[in-house]
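These notes concern the structure reproduced below.
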Amino acid sequence: MLFEDTYLTIVQPCQGLYKDKGSKFLAFAFPVTSEEEIKKLLAGLRKEHFSARHHCYAFRLGADKQAFRANDDGEPAYTAGKPILGQIQSKDLTNILIVVVRYFGGTLLGVSGLITAYRQAAADALEHAVIIEKTVNDFYEITFDYLQMNEVMKIIKDEHLEQLNQNFEQNCRLTFSVRKKNSNKVYELFSKISNLGVKYLYAA
């Protein structure tokens, strides 16, 4: 299969901690699905930890893992964001943001010390994470006549489709999700029902 239709992510927010020479590195890991969500979480942490010296982070988004970023937030280049991203990659995670907040302890750690600190803080957060495998699903909307209800519901049941929204009046409308690898098969099944409309919405 050209497209892998499963991915690993974390279930809920979790935290980690690393200390070295008076500096404290607080790590926060979040499940996320968009850059807009990431901006809000970063803003919230900066407000909560306003006296911290640095708020370094890395994230990766999407089942294909192609959208990612690492930010050093004032630390020497590649000493913070990249080690954090490395921990995300080492566990093959996506749809995740890890922020490491540093409270400076007065003693410089040097490049290797910083790399270790940010890596270990991120690793500690992931040690406390619950990691799950999720499937990539396609979302569709179908429109059909009420008299076609039995045919439609048989496919929904037989293919174990998840119904999301439904409106069963004279002109019925229903949205459902299907695992990506089964998407073409389900689309063909619905296409065989005369006068039924099938509209692809998005994948997630």
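Chain labels A, B, ... are given in the sequence in which chains occur in the structure tokens; within each chain residues are numbered consecutively from 1, and ligands are likewise numbered from 1 in the order shown.
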
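Residues surrounding Lys199 of chain A within 10 Å are Phe139, Tyr140, Glu141, Ile142, Thr143, Thr175, Tyr187, Gly197, Leu201 and Tyr202 of chain A [only C-alpha atoms; sequence separation below 2 positions excluded].
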
Export of prior selection with N, CA and C atoms as a PDB file, in the first residue's frame:
```pdb
ATOM      1  N   PHE A 139     -13.969  10.848   5.172  1.00  0.00           N
ATOM      2  CA  PHE A 139     -15.307  11.269   5.589  1.00  0.00           C
ATOM      3  C   PHE A 139     -16.147  11.578   4.352  1.00  0.00           C
ATOM      4  N   TYR A 140     -17.359  11.040   4.350  1.00  0.00           N
ATOM      5  CA  TYR A 140     -18.272  11.207   3.213  1.00  0.00           C
ATOM      6  C   TYR A 140     -19.640  11.689   3.696  1.00  0.00           C
ATOM      7  N   GLU A 141     -20.359  12.313   2.753  1.00  0.00           N
ATOM      8  CA  GLU A 141     -21.766  12.635   2.978  1.00  0.00           C
ATOM      9  C   GLU A 141     -22.567  11.951   1.874  1.00  0.00           C
ATOM     10  N   ILE A 142     -23.648  11.282   2.268  1.00  0.00           N
ATOM     11  CA  ILE A 142     -24.523  10.683   1.266  1.00  0.00           C
ATOM     12  C   ILE A 142     -25.929  11.274   1.390  1.00  0.00           C
ATOM     13  N   THR A 143     -26.577  11.420   0.256  1.00  0.00           N
ATOM     14  CA  THR A 143     -27.976  11.885   0.224  1.00  0.00           C
ATOM     15  C   THR A 143     -28.788  10.831  -0.529  1.00  0.00           C
ATOM     16  N   THR A 175     -23.700  11.589   7.199  1.00  0.00           N
ATOM     17  CA  THR A 175     -22.243  11.621   7.046  1.00  0.00           C
ATOM     18  C   THR A 175     -21.640  10.460   7.827  1.00  0.00           C
ATOM     19  N   TYR A 187     -17.178   3.337  -1.229  1.00  0.00           N
ATOM     20  CA  TYR A 187     -17.651   4.302  -2.244  1.00  0.00           C
ATOM     21  C   TYR A 187     -18.359   3.567  -3.386  1.00  0.00           C
ATOM     22  N   GLY A 197     -26.592  10.093  -3.771  1.00  0.00           N
ATOM     23  CA  GLY A 197     -25.431  10.980  -3.990  1.00  0.00           C
ATOM     24  C   GLY A 197     -24.343  10.712  -2.936  1.00  0.00           C
ATOM     25  N   LEU A 201     -15.740  14.356   1.654  1.00  0.00           N
ATOM     26  CA  LEU A 201     -15.557  15.585   2.427  1.00  0.00           C
ATOM     27  C   LEU A 201     -14.088  15.854   2.730  1.00  0.00           C
ATOM     28  N   TYR A 202     -13.429  14.975   3.469  1.00  0.00           N
ATOM     29  CA  TYR A 202     -12.032  15.174   3.839  1.00  0.00           C
ATOM     30  C   TYR A 202     -11.486  13.898   4.471  1.00  0.00           C
TER      31      TYR A 202
END
```

Segment 32-194 of chain A: which residues are alpha helix (DSSP H) by DSSP, as a PyMOL selection string?
-> chain A and resi 35-48+81-90+110-127+149-158+183-191

Selection: 9 Å around Ile84 of chain A, only C-alpha atoms, excl. self and same-chain fewer than 2 positions, as a ChimeraX atom specification = /A:56-59,70,80-82,86-89,98-100,115,118-123

Those same residues - C-alpha atoms - I'd like them written as a compact mmCIF listing (two decimals), in the first residue's frame.
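And here is the file that came out, selection_33.txt:
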```txt
# COMPACT_ATOMS: atom_id res chain seq x y z
CA CYS A 56 11.43 25.81 23.08
CA TYR A 57 9.28 23.41 21.13
CA ALA A 58 8.81 20.96 18.29
CA PHE A 59 5.75 19.53 16.62
CA ALA A 70 11.56 22.84 15.68
CA ALA A 80 16.68 22.72 21.88
CA GLY A 81 14.06 22.31 19.15
CA LYS A 82 15.96 19.64 17.24
CA GLY A 86 14.28 13.90 17.76
CA GLN A 87 12.29 12.39 20.63
CA ILE A 88 9.04 12.73 18.64
CA GLN A 89 10.70 11.01 15.68
CA ILE A 98 6.20 19.15 22.91
CA VAL A 99 7.18 22.41 24.62
CA VAL A 100 10.11 22.57 27.03
CA ILE A 115 21.11 19.21 23.91
CA TYR A 118 16.09 19.35 26.15
CA ARG A 119 16.26 15.78 24.88
CA GLN A 120 15.87 14.28 28.36
CA ALA A 121 13.03 16.63 29.35
CA ALA A 122 11.09 15.69 26.19
CA ALA A 123 11.88 11.99 26.73
```

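Take atom CA of Arg173 of chain A and atom CA of Val136 of chain A: the distance between them is 23.1 Å.
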
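Among A:Gly74, A:Gly16, A:Gly22, A:Pro31, the residue with the shortest atom-to-atom distance to Leu97 of chain A, counting only C-alpha atoms, is A:Pro31.
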
If you count only C-alpha atoms, which residues fall within 12 Å of Leu109 of chain A, apart from same-chain ones fewer than 2 positions away, as a VMD selection string?
-> chain A and resid 19 to 24 75 to 76 79 104 to 107 111 to 118

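When only C-alpha atoms are used to measure the gap to Val178 of chain A, the shortest distance among A:Asp138, A:Phe50, A:Ala203, A:Leu147 belongs to A:Asp138.
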
Can you pull out every residue within 9 Å of Gln12 of chain A, counting only C-alpha atoms, but drop anything in the same chain fewer than 5 positions away, and send it as a list in words?
-> Ala29, Phe30, Pro31, Ala129, Val130 and Ile131 of chain A

Export N, CA and C atoms of the chosen residues as a short mmCIF file (atom, residue, chain, number, x, y, z; two decimals), in the first residue's frame?
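Here's the written file selection.cif:
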```cif
data_model
loop_
_atom_site.label_atom_id
_atom_site.label_comp_id
_atom_site.auth_asym_id
_atom_site.auth_seq_id
_atom_site.Cartn_x
_atom_site.Cartn_y
_atom_site.Cartn_z
N ALA A 29 3.77 17.85 26.78
CA ALA A 29 3.40 17.20 25.51
C ALA A 29 1.89 17.26 25.35
N PHE A 30 1.45 17.61 24.14
CA PHE A 30 0.01 17.74 23.86
C PHE A 30 -0.35 17.01 22.56
N PRO A 31 -1.51 16.33 22.52
CA PRO A 31 -2.03 15.86 21.23
C PRO A 31 -2.63 17.06 20.49
N ALA A 129 3.51 9.39 28.75
CA ALA A 129 2.44 9.48 27.75
C ALA A 129 1.79 8.12 27.50
N VAL A 130 0.50 8.16 27.18
CA VAL A 130 -0.20 6.97 26.69
C VAL A 130 -0.23 7.09 25.17
N ILE A 131 0.44 6.19 24.49
CA ILE A 131 0.56 6.24 23.04
C ILE A 131 -0.43 5.25 22.42
#
```

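Distances from A:Phe68, A:Phe28, A:Phe144, A:Phe190 to Val101 of chain A were compared using only C-alpha atoms, and the smallest one belongs to A:Phe28.
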
Given only C-alpha atoms as the counted atoms, nearest of A:Glu162, A:Glu48, A:Glu37, A:Asp72 to Asn137 of chain A | A:Glu162

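Rounded to one decimal, atom CA of Tyr78 of chain A and atom CA of Gly110 of chain A lie 12.4 Å from each other.
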
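Comparing the minimum interatomic distances between Asp5 of chain A and each of A:Lys47, A:Lys180, A:His54, A:Lys192, counting only C-alpha atoms, we find that A:Lys180 sits nearest.
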
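Secondary structure of segment 47-94 of chain A, strand (DSSP E) only (DSSP, backbone atoms): His54, His55, Cys56, Tyr57, Ala58, Phe59, Arg60, Leu61, Ala67, Phe68, Arg69, Ala70 and Asn71 of chain A.
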
Residues at most 12 Å from Val11 of chain A, counting only C-alpha atoms, excluding those fewer than 2 positions away in the same chain, as a VMD selection string?
-> chain A and resid 8 to 9 13 to 14 29 to 32 93 to 96 126 128 to 134

Go ahead and write the selection's residues with N, CA and C atoms as a tab-separated table (two decimals), in the first residue's frame.
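Output file selection.tsv follows:
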```
chain	number	residue	atom	x	y	z
A	8	LEU	N	0.80	6.81	14.98
A	8	LEU	CA	0.89	6.82	16.44
A	8	LEU	C	0.81	8.25	16.96
A	9	THR	N	0.07	8.44	18.04
A	9	THR	CA	-0.01	9.73	18.69
A	9	THR	C	-0.26	9.51	20.18
A	13	PRO	N	-2.62	15.22	27.30
A	13	PRO	CA	-1.42	15.97	27.70
A	13	PRO	C	-0.66	15.26	28.82
A	14	CYS	N	0.65	15.42	28.81
A	14	CYS	CA	1.48	14.85	29.87
A	14	CYS	C	2.71	15.74	30.07
A	29	ALA	N	3.77	17.85	26.78
A	29	ALA	CA	3.40	17.20	25.51
A	29	ALA	C	1.89	17.26	25.35
A	30	PHE	N	1.45	17.61	24.14
A	30	PHE	CA	0.01	17.74	23.86
A	30	PHE	C	-0.35	17.01	22.56
A	31	PRO	N	-1.51	16.33	22.52
A	31	PRO	CA	-2.03	15.86	21.23
A	31	PRO	C	-2.63	17.06	20.49
A	32	VAL	N	-2.28	17.25	19.24
A	32	VAL	CA	-2.76	18.40	18.46
A	32	VAL	C	-3.10	17.95	17.04
A	93	LEU	N	5.98	9.40	16.37
A	93	LEU	CA	4.71	10.04	16.71
A	93	LEU	C	4.37	11.16	15.73
A	94	THR	N	3.09	11.45	15.63
A	94	THR	CA	2.64	12.61	14.90
A	94	THR	C	1.41	13.20	15.60
A	95	ASN	N	0.92	14.35	15.09
A	95	ASN	CA	-0.16	15.08	15.76
A	95	ASN	C	0.20	15.31	17.23
A	96	ILE	N	1.41	15.82	17.43
A	96	ILE	CA	1.93	16.04	18.78
A	96	ILE	C	2.76	17.32	18.83
A	126	LEU	N	7.41	11.98	27.40
A	126	LEU	CA	6.89	10.85	26.62
A	126	LEU	C	6.86	9.55	27.43
A	128	HIS	N	5.71	9.43	30.29
A	128	HIS	CA	4.43	9.51	31.00
A	128	HIS	C	3.24	9.52	30.04
A	129	ALA	N	3.51	9.39	28.75
A	129	ALA	CA	2.44	9.48	27.75
A	129	ALA	C	1.79	8.12	27.50
A	130	VAL	N	0.50	8.16	27.18
A	130	VAL	CA	-0.20	6.97	26.69
A	130	VAL	C	-0.23	7.09	25.17
A	131	ILE	N	0.44	6.19	24.49
A	131	ILE	CA	0.56	6.24	23.04
A	131	ILE	C	-0.43	5.25	22.42
A	132	ILE	N	-1.17	5.72	21.41
A	132	ILE	CA	-2.14	4.85	20.74
A	132	ILE	C	-1.94	4.90	19.22
A	133	GLU	N	-2.43	3.86	18.58
A	133	GLU	CA	-2.43	3.83	17.12
A	133	GLU	C	-3.80	4.25	16.63
A	134	LYS	N	-3.83	5.20	15.71
A	134	LYS	CA	-5.10	5.66	15.12
A	134	LYS	C	-5.10	5.35	13.63
```
